[in-house]
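Input: a single structure, listed below in structure tokens.
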There are 2 protein chains.
Amino acid sequence: MSEKTPEKNASTTAEVARGEEAYVVRPELVQEIIDALDAANIHRVEELVQPLHHADLADLIEMLAPEDRKILIEIIRAEFDPETLATLEEHVREEVIEQLGAADVAAAISELDTDDAVEVVEHLDDSVQQEVLDAVPAEDRALLEEGLTYPEDSAGRLMQRELVAVPSYWTVGETIDFMRAAAERDEDELPEEFYDIFVVDPRHEPQGRVSLSRVLRTKRPVKISDLMAAEIRPVPVTMDQEQVAFLFRQYDLASAPVVSEDGRLVGVITHDDVLDVVDEEAEEDLMRLGGVTGTDLYRAAIDTTRSRFPWLVVNLATAIVASIVIGFFEATIQQIVALAVLMPIVASMGGNAGTQTLTVAVRALAMKELTASNAMRIVGKEALVGGFNGLLFAVLVGIVAWLWFASPDIGIVIAAAMAINLVVAGLAGVAIPIGLERTGIDPAVASVVLLTTITDVVGFATFLGLAALFLL
Amino acid sequence: MSEKTPEKNASTTAEVARGEEAYVVRPELVQEIIDALDAANIHRVEELVQPLHHADLADLIEMLAPEDRKILIEIIRAEFDPETLATLEEHVREEVIEQLGAADVAAAISELDTDDAVEVVEHLDDSVQQEVLDAVPAEDRALLEEGLTYPEDSAGRLMQRELVAVPSYWTVGETIDFMRAAAERDEDELPEEFYDIFVVDPRHEPQGRVSLSRVLRTKRPVKISDLMAAEIRPVPVTMDQEQVAFLFRQYDLASAPVVSEDGRLVGVITHDDVLDVVDEEAEEDLMRLGGVTGTDLYRAAIDTTRSRFPWLVVNLATAIVASIVIGFFEATIQQIVALAVLMPIVASMGGNAGTQTLTVAVRALAMKELTASNAMRIVGKEALVGGFNGLLFAVLVGIVAWLWFASPDIGIVIAAAMAINLVVAGLAGVAIPIGLERTGIDPAVASVVLLTTITDVVGFATFLGLAALFLL
């Protein structure tokens, strides 16, 4: 078996081509590496790890148990790829940085583009961060420290400083010669990859952009000013990353210029940074709706418990509120125990119907599809959907209750309560997120708990209340 | 006021630069356009709409009420931007296509890149699709029909056919001259935007890729074969779009070559296609967790009701199962009504704690962070988290119940039930999505309903069961 695997790693491209799986770090590979680590077969580990792309190596490191991870890092320490550090998940990265030590981390950071370097240091504890920064060469440190002055999740944190800017009076020929000369002087003078050339005036304010594919198809004597698209959308350093992602999505950008407060071109954000942002923002919304503060896959159980605890306390409080509502009707329940049996149905259906509406509304708000322009129309529509569903499920559940307890009266009461709760659920499901957004609160955070509190309270109160009025 | 607004539209770039909002289609603009439509002021509508980017125009069209939308489309029909059609949300696009008619739609489609053209026709009803295809020129039709043969959500549907491929023995100079000559012959011979040049052998199989930034920094005599990165990751036409997105995310790709089953280069997927896929997939997961089949913001209330109905029926069924469990303990509840008051707390806390775990697990599965390599470790960790939370909330809720009903016995029973249900919730929250994924079911679809059924049944059964055993 051990003879076959180097080939297997080498042939991943062919495997992908067969259409099976795009994923390189398969469980079998992880298991082989674990086996080699357990057998202390350093040579074999190196052989397996060496062909991996830095992003695949990061995945592998994340997937190992902490003990195995430590050993692997020691083995690859000498040729540790700085890009791997930038790609690691935050909690795992912290561990790895601690193990590597400030000097090695600083050396790695110096080789990264500024955006990746900032990404590595921004989440470090203050003391570790200072230690690493002190070990970084002075010129890099200045850029890093400037990067850290921008607000978290802002364009300033996402951008890289490395970019290509030319004056508008240059020709295509001069621009190409400039890049060839720069590359010959020093491989690192130009960014590793870039997609647009930015046109700047003498104050270094962006005037336009030219995509590389346009430069390449144009003859040498043509002026850059004749080629450039003047419709640039400069991104201020302080712009929130969600807005940046919106710009890329809306205008299919490969890269966007970032400008300082006085309008000068200071950096560039590229499509791959934005893809990460989109993943991050989607994850954030999903997690917040699920009542979690973030993916905590790699955190210790005790840390995870601590981070999930507050949300559960809030839910306990709302559950107690619902129970207090039930408590008002203790006497009614004592006389008709069927009510206790049926009441969770009304509350649960309200919660589920409301969550459907809520999910659509939270996503639409995040994607800027639900705005002041169409809010009232959408609220009206959701009330209508709630009404339709209310009627349908009133009939359904009314019949079930009637047959179950052989009482048409109980059927009528639960049907009425269900109809009311589903209309309330539809309205609350869209009104709560819109309301939270207007007051500046992220609708994904608090919507669910508010919604289920309302549907529980309304569900229990209408059902038990109607029963107390009409069945006793 | 009407004098100011053309300026306002023109100055959106400056507004963006001020860092406020990246969004161009503000409610005020929408309102102005609605006012102009209501006043039948065609000239004013054209003036307001004309400066909009095609993606902004699509947003505007989506935001209008159906009546206003119809009028706007008539006004802009003559100069309708084909790209706008490709950008519109599916349900709105259907309406617009119906209004424009097959001939106009076919004309628009002919101007689009193949990927956008396929996107426009793929969701049409069969009869409309045939009508449109018949109106498209023969050569475009062949490409479109081929595009439609690829499975939905596959690389074949995402790719555009327009790409630049050169043989490996060409030099940088020859490559640049080739592109200049092609552009001079016909503006449309090259793709509008491209990021990589693909190197192919005589069979048109991809051998490597060269990014444009590499071409531009290299001197004319250098051979393409000396520049190219041989580590290409060709995407088979049949690859699922989720896998394609993974490749772009993992390897920071700007574009990727797509190959037919016999390995020939047939198309290219670009970063902007992938950003749409990532949005789509994130939305799908979010929607499925929320029990919705898709964003139905633009669908009629009756269609929305119909699409949400099945999920609510499933939930009704599970709610009835929970009620049946409660039904077994009717006699117990009759004797101690406090049980009816308290029982929703146990079930609700189980549901919430389980949903937290579930959310993390579903996302980790989608991002390929939770695999066979670390599944057992994560399951163990979640059981531990459930145990910790179980202890904490057992104490909390036990004290509340004891004080509320002045009965330490009720406190002990609810504490025990809570602890059991939270451990079960943690285990089920991670085991259910993993299990569904293994059996090939999307964990986002069915996880929530399975989980809450389990936490409801276990919650009610343990609490009422323990009460029946120890309190009577």
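Please note that chains go A, B, ... in the order of the structure tokens, that every chain numbers its residues from 1, and that ligands are numbered from 1 in the order shown.
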Please identify all polymer residues within 10 Å of Pro433 (chain B), counting only C-alpha atoms, omitting same-chain residues fewer than 4 positions from it, and present them as an mmCIF file with C-alpha atoms, in the first residue's frame.
```cif
data_model
loop_
_atom_site.group_PDB
_atom_site.id
_atom_site.type_symbol
_atom_site.label_atom_id
_atom_site.label_comp_id
_atom_site.auth_asym_id
_atom_site.auth_seq_id
_atom_site.Cartn_x
_atom_site.Cartn_y
_atom_site.Cartn_z
ATOM 1 C CA THR B 357 -25.143 21.738 17.269
ATOM 2 C CA LEU B 358 -27.027 20.940 14.096
ATOM 3 C CA THR B 359 -26.305 24.330 12.556
ATOM 4 C CA ALA B 361 -22.610 20.419 11.782
ATOM 5 C CA VAL B 362 -24.603 21.241 8.637
ATOM 6 C CA ARG B 363 -22.316 24.156 7.806
ATOM 7 C CA LEU B 365 -20.423 19.360 6.214
ATOM 8 C CA ALA B 428 -28.655 13.938 17.741
ATOM 9 C CA GLY B 429 -27.632 17.410 16.556
ATOM 10 C CA GLU B 437 -25.046 12.911 4.455
ATOM 11 C CA ARG B 438 -23.795 9.301 4.454
ATOM 12 C CA THR B 439 -27.071 8.071 3.002
ATOM 13 C CA ILE B 441 -29.618 13.009 1.636
ATOM 14 C CA ASP B 442 -28.889 16.729 1.955
ATOM 15 C CA PRO B 443 -28.501 17.164 5.724
ATOM 16 C CA ALA B 444 -29.997 20.653 5.532
ATOM 17 C CA VAL B 445 -33.349 19.331 4.316
ATOM 18 C CA ALA B 446 -34.413 16.829 6.932
ATOM 19 C CA SER B 447 -32.161 17.465 9.920
ATOM 20 C CA VAL B 448 -34.304 19.982 11.763
ATOM 21 C CA LEU B 450 -35.797 14.787 12.757
ATOM 22 C CA LEU B 451 -34.011 16.614 15.539
#
```
If you run DSSP on this backbone, which residues of region 198-298 of chain B come out as strand (DSSP E), and could you give them as a ChimeraX atom specification? /B:198-200,206-211,235-236,255-259,265-270
Which residues come within 12 Å of Leu247 (chain A), counting only C-alpha atoms, excluding same-chain residues fewer than 5 positions away, as a PyMOL selection string? (chain A and resi 155+232-235+239-242+252-257+269-271+274+278+367-368) or (chain B and resi 13+16+21-24+53+55-56+272+275)
With C-alpha atoms retained, export the selected residues as a PDB file, in the first residue's frame.
```
ATOM      1  CA  ALA A 155     -12.151  47.125   3.290  1.00  0.00           C
ATOM      2  CA  ILE A 232     -14.739  52.738 -11.315  1.00  0.00           C
ATOM      3  CA  ARG A 233     -16.263  52.180  -7.957  1.00  0.00           C
ATOM      4  CA  PRO A 234     -13.572  53.139  -5.469  1.00  0.00           C
ATOM      5  CA  VAL A 235     -14.015  51.437  -2.123  1.00  0.00           C
ATOM      6  CA  MET A 239     -16.404  50.366   3.976  1.00  0.00           C
ATOM      7  CA  ASP A 240     -17.867  47.267   5.622  1.00  0.00           C
ATOM      8  CA  GLN A 241     -16.861  44.009   3.967  1.00  0.00           C
ATOM      9  CA  GLU A 242     -20.509  43.112   3.386  1.00  0.00           C
ATOM     10  CA  ASP A 252     -18.931  41.113 -11.466  1.00  0.00           C
ATOM     11  CA  LEU A 253     -15.619  42.668 -10.392  1.00  0.00           C
ATOM     12  CA  ALA A 254     -12.291  40.835 -10.474  1.00  0.00           C
ATOM     13  CA  SER A 255     -10.675  43.507  -8.320  1.00  0.00           C
ATOM     14  CA  ALA A 256     -11.588  46.895  -6.864  1.00  0.00           C
ATOM     15  CA  PRO A 257      -9.459  49.891  -5.897  1.00  0.00           C
ATOM     16  CA  ILE A 269      -9.316  43.960  -3.035  1.00  0.00           C
ATOM     17  CA  THR A 270      -9.464  40.877  -5.229  1.00  0.00           C
ATOM     18  CA  HIS A 271     -12.200  38.354  -6.032  1.00  0.00           C
ATOM     19  CA  VAL A 274     -14.474  38.529  -1.532  1.00  0.00           C
ATOM     20  CA  VAL A 278     -19.250  35.887   1.207  1.00  0.00           C
ATOM     21  CA  MET A 367     -28.992  40.284  -0.111  1.00  0.00           C
ATOM     22  CA  LYS A 368     -30.604  43.757  -0.225  1.00  0.00           C
TER      23      LYS A 368
ATOM     24  CA  THR B  13     -19.630  56.612  -7.375  1.00  0.00           C
ATOM     25  CA  VAL B  16     -19.951  55.145  -2.513  1.00  0.00           C
ATOM     26  CA  GLU B  21     -23.706  52.516   1.206  1.00  0.00           C
ATOM     27  CA  ALA B  22     -22.659  50.550  -1.832  1.00  0.00           C
ATOM     28  CA  TYR B  23     -26.236  50.292  -2.922  1.00  0.00           C
ATOM     29  CA  VAL B  24     -27.361  52.296  -5.956  1.00  0.00           C
ATOM     30  CA  HIS B  53     -25.806  49.535 -14.625  1.00  0.00           C
ATOM     31  CA  ALA B  55     -27.472  44.762 -12.525  1.00  0.00           C
ATOM     32  CA  ASP B  56     -28.979  47.821 -10.844  1.00  0.00           C
ATOM     33  CA  ASP B 272     -18.141  35.783 -10.973  1.00  0.00           C
ATOM     34  CA  LEU B 275     -19.685  33.897  -6.529  1.00  0.00           C
TER      35      LEU B 275
END
```
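Within the 7 Å cut-off around region 146-150 of chain A, using only C-alpha atoms and omitting residues fewer than 3 positions from it on the same chain, the listed residues are Val118, Glu122, Ala142, Leu143, Ser154, Gly156, Arg157 and Thr238 of chain A.
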Report as an MDAnalysis selection string all protein, DNA and RNA residues lying within 7 Å of region 460-471 of chain B, evaluated on only C-alpha atoms, omitting residues in the same chain fewer than 3 positions from it. chainID B and resid 325:326 329 332 343 347 413:414 417 456:457
Just to be explicit: take each residue in the selection above, keep N, CA and C atoms, and write the result as a PDB file, in the first residue's frame.
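Saved as result20.pdb:
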```pdb
ATOM      1  N   VAL B 325     -47.329  11.178  22.641  1.00  0.00           N
ATOM      2  CA  VAL B 325     -46.495  10.846  23.802  1.00  0.00           C
ATOM      3  C   VAL B 325     -47.083  11.475  25.063  1.00  0.00           C
ATOM      4  N   ILE B 326     -47.475  12.751  24.950  1.00  0.00           N
ATOM      5  CA  ILE B 326     -48.091  13.412  26.110  1.00  0.00           C
ATOM      6  C   ILE B 326     -49.373  12.675  26.498  1.00  0.00           C
ATOM      7  N   PHE B 329     -49.665  10.129  29.172  1.00  0.00           N
ATOM      8  CA  PHE B 329     -49.539  10.549  30.566  1.00  0.00           C
ATOM      9  C   PHE B 329     -50.696  11.429  31.017  1.00  0.00           C
ATOM     10  N   THR B 332     -51.446  11.214  34.654  1.00  0.00           N
ATOM     11  CA  THR B 332     -50.435  11.859  35.483  1.00  0.00           C
ATOM     12  C   THR B 332     -50.638  13.370  35.503  1.00  0.00           C
ATOM     13  N   MET B 343     -43.726  21.193  31.159  1.00  0.00           N
ATOM     14  CA  MET B 343     -43.185  20.290  30.124  1.00  0.00           C
ATOM     15  C   MET B 343     -42.669  20.980  28.856  1.00  0.00           C
ATOM     16  N   ALA B 347     -38.811  20.348  26.455  1.00  0.00           N
ATOM     17  CA  ALA B 347     -38.782  20.084  25.019  1.00  0.00           C
ATOM     18  C   ALA B 347     -38.119  21.233  24.265  1.00  0.00           C
ATOM     19  N   VAL B 413     -37.156  16.100  39.314  1.00  0.00           N
ATOM     20  CA  VAL B 413     -37.616  15.410  38.107  1.00  0.00           C
ATOM     21  C   VAL B 413     -37.315  16.224  36.855  1.00  0.00           C
ATOM     22  N   ILE B 414     -37.595  17.523  36.898  1.00  0.00           N
ATOM     23  CA  ILE B 414     -37.356  18.327  35.685  1.00  0.00           C
ATOM     24  C   ILE B 414     -35.859  18.462  35.433  1.00  0.00           C
ATOM     25  N   ALA B 417     -34.758  15.260  33.694  1.00  0.00           N
ATOM     26  CA  ALA B 417     -35.248  15.212  32.319  1.00  0.00           C
ATOM     27  C   ALA B 417     -34.460  16.178  31.442  1.00  0.00           C
ATOM     28  N   ASP B 456     -38.419  16.621  21.195  1.00  0.00           N
ATOM     29  CA  ASP B 456     -39.768  16.734  21.754  1.00  0.00           C
ATOM     30  C   ASP B 456     -40.172  15.427  22.431  1.00  0.00           C
ATOM     31  N   VAL B 457     -40.010  14.335  21.701  1.00  0.00           N
ATOM     32  CA  VAL B 457     -40.445  13.041  22.239  1.00  0.00           C
ATOM     33  C   VAL B 457     -39.651  12.696  23.494  1.00  0.00           C
TER      34      VAL B 457
END
```
Which residues, written as a PyMOL selection string, have at least one atom at most 9 Å from Leu427 (chain A), with only C-alpha atoms counted and residues fewer than 2 positions away on the same chain left out? chain A and resi 354+357+379-380+382-384+386+422-425+429-432
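Comparing the minimum interatomic distances between chain B and each of A:Thr295, A:Ser307, A:Gln129, A:Asn421, counting only C-alpha atoms, we find that A:Thr295 sits nearest.
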To test your reading of the structure, identify every residue in region 211-410 of chain B that backbone DSSP assigns to helix (DSSP H, G or I), and report it as a VMD selection string. chain B and resid 212 to 216 224 to 227 241 to 251 271 to 289 301 to 327 330 to 335 338 to 366 375 to 405 408 to 410
At a cut-off of 12 Å, using only C-alpha atoms, what residues contact Asp35 (chain B)? Leave out same-chain residues fewer than 4 positions from it and give the result as a PyMOL selection string. chain B and resi 2+28-31+39-42+44-45+48+64+68+72
Can you spit out the residues from that selection as a compact mmCIF listing (two decimals), in the first residue's frame, using C-alpha atoms?
```txt
# COMPACT_ATOMS: atom_id res chain seq x y z
CA SER B 2 -36.58 66.95 -10.64
CA GLU B 28 -35.81 57.27 -3.01
CA LEU B 29 -34.80 56.40 -6.55
CA VAL B 30 -37.38 53.62 -6.72
CA GLN B 31 -40.02 56.04 -5.45
CA ALA B 39 -47.51 60.26 -14.01
CA ALA B 40 -46.92 58.48 -17.36
CA ASN B 41 -43.84 60.70 -17.75
CA ILE B 42 -41.94 58.46 -20.15
CA ARG B 44 -38.48 61.20 -17.01
CA VAL B 45 -38.46 57.41 -16.57
CA LEU B 48 -33.76 58.02 -14.46
CA LEU B 64 -41.48 47.26 -8.64
CA ASP B 68 -45.40 49.19 -12.67
CA LEU B 72 -41.35 50.08 -17.29
```
With only C-alpha atoms as the basis for distance, which of A:His54, A:Arg306, A:Arg77, A:Arg217 is at the shortest distance from chain B? A:Arg217
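The interatomic distance for the pair CA of Glu330 (chain B) and CA of Ile345 (chain B) works out to 18.0 Å.
Shortest separation to chain B among A:Glu67, A:Asp409, A:Asp279, A:Glu139 occurs at residue A:Asp279, atoms counted being only C-alpha atoms.
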Distance in Å - CA of Thr84 (chain B) versus CA of Leu57 (chain B): 6.7 Å
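Remark: for Met63 (chain B), the closest of the candidate residues A:Ala372, A:Ala415, A:Ala78, A:Leu396 is A:Ala372 (distances computed over only C-alpha atoms).
Nearest residue to chain A, choosing from B:Val313, B:Pro236, B:Glu280, B:Ala117 and counting only C-alpha atoms: B:Pro236.
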